Amino acid sequence: QQQVKQSPQSLIVQKGGISIINCAYENTAFDYFPWYQQFPGKGPALLIAIRPDVSEKKEGRFTISFNKSAKQFSLHIMDSQPGDSATYFCAAPPPQGGSEKLVFGKGTKLTVNP
Amino acid sequence: NAGVTQTPKFQVLKTGQSMTLQCAQDMNHNSMYWYRQDPGMGLRLIYYSASEGTTDKGEVPNGYNVSRLNKREFSLRLESAAPSQTSVYFCASTPYFRTGDIQYFGAGTRLSVL
């Protein structure tokens with residue numbers, strides 16, 4: 001059974017600051033690590049994902065960094081804005097790979113103060 | 001384009017009552033999923049349907065049953081609700097049952113069992 005450990009549980013950042021959320025996984029046969037963003041009262045939605053053979057993926061102010069040897073990946077939000085306030089979930093594929101049975105982390109509640 | 005639609009949005013049950021949560025997607029996706037979200041626990045997979053005509057247990061299936069009615073619809077049934085089933089339930093779908101597909105979530109059903 002895949003375990004995904006996400007930290008911190010909550011994070012408060014000032015507007016313009018950098019938000020960093022970390023995740024660690026145990027094993028996976030396929031290097032695909034998505035991050036989902038969830039606003040209050042809404043369902044999660046894919047924010048950004050990193051795929052095999054890439055150690056970093058950047059989309060605007062959001063960057064995923066992946067360290068395969070350490071089995072860790074992280075989300076960096078540059079120039080954090082109040083509109084980024086949400087809960088963020090990392091996820092990893094199951095150890096055996098080949099399926100969409102993602103295992104999610106427990107989530108990080110991000111608050112960006114104006 | 002509605003995406004993934006869940007009904008009802010809110011529900012209050014008494015212990016022992018039964019109910020069915022409905023989910024429908026209009027994206028012609030093959031795979032569908034039911035998750036529950038509890039504070040500090042992240043998203044946990046209850047059941048999934050890799051394709052029309054198949055269903056399988058996820059991480060926390062006890063106390064639930066599912067039906068893949070057709071390609072569009074995937075329902076979750078609580079036969080005898082318990083307070084431990086108080087949660088927010090999310091339905092999701094993916095084009096196929098393969099690692100790397102984006103999961104599209106509904107807005108959720110907030111269930112309280114008294």
# chains A, B, ... in the order shown; residues from 1 in each chain; ligands from 1
>>> interface_residues(of="chain B", to="chain A", cutoff="6 Å", atoms="only C-alpha atoms", output="ChimeraX atom specification")
/B:40-43,97-99,105-107
>>> residues_around(residues="Ser93 of chain B", least_positions_apart="2", cutoff="8 Å", atoms="only C-alpha atoms", output="count of residues only")
12
>>> closest_residue(among="A:Gly16, A:Pro8, A:Pro40, A:Pro95", to="Pro114 of chain A", atoms="only C-alpha atoms")
A:Gly16
>>> residues_around(residues="Asn70 of chain B", least_positions_apart="4", cutoff="10 Å", atoms="only C-alpha atoms", output="number ranges by chain")
B: 24, 30, 51-53, 74
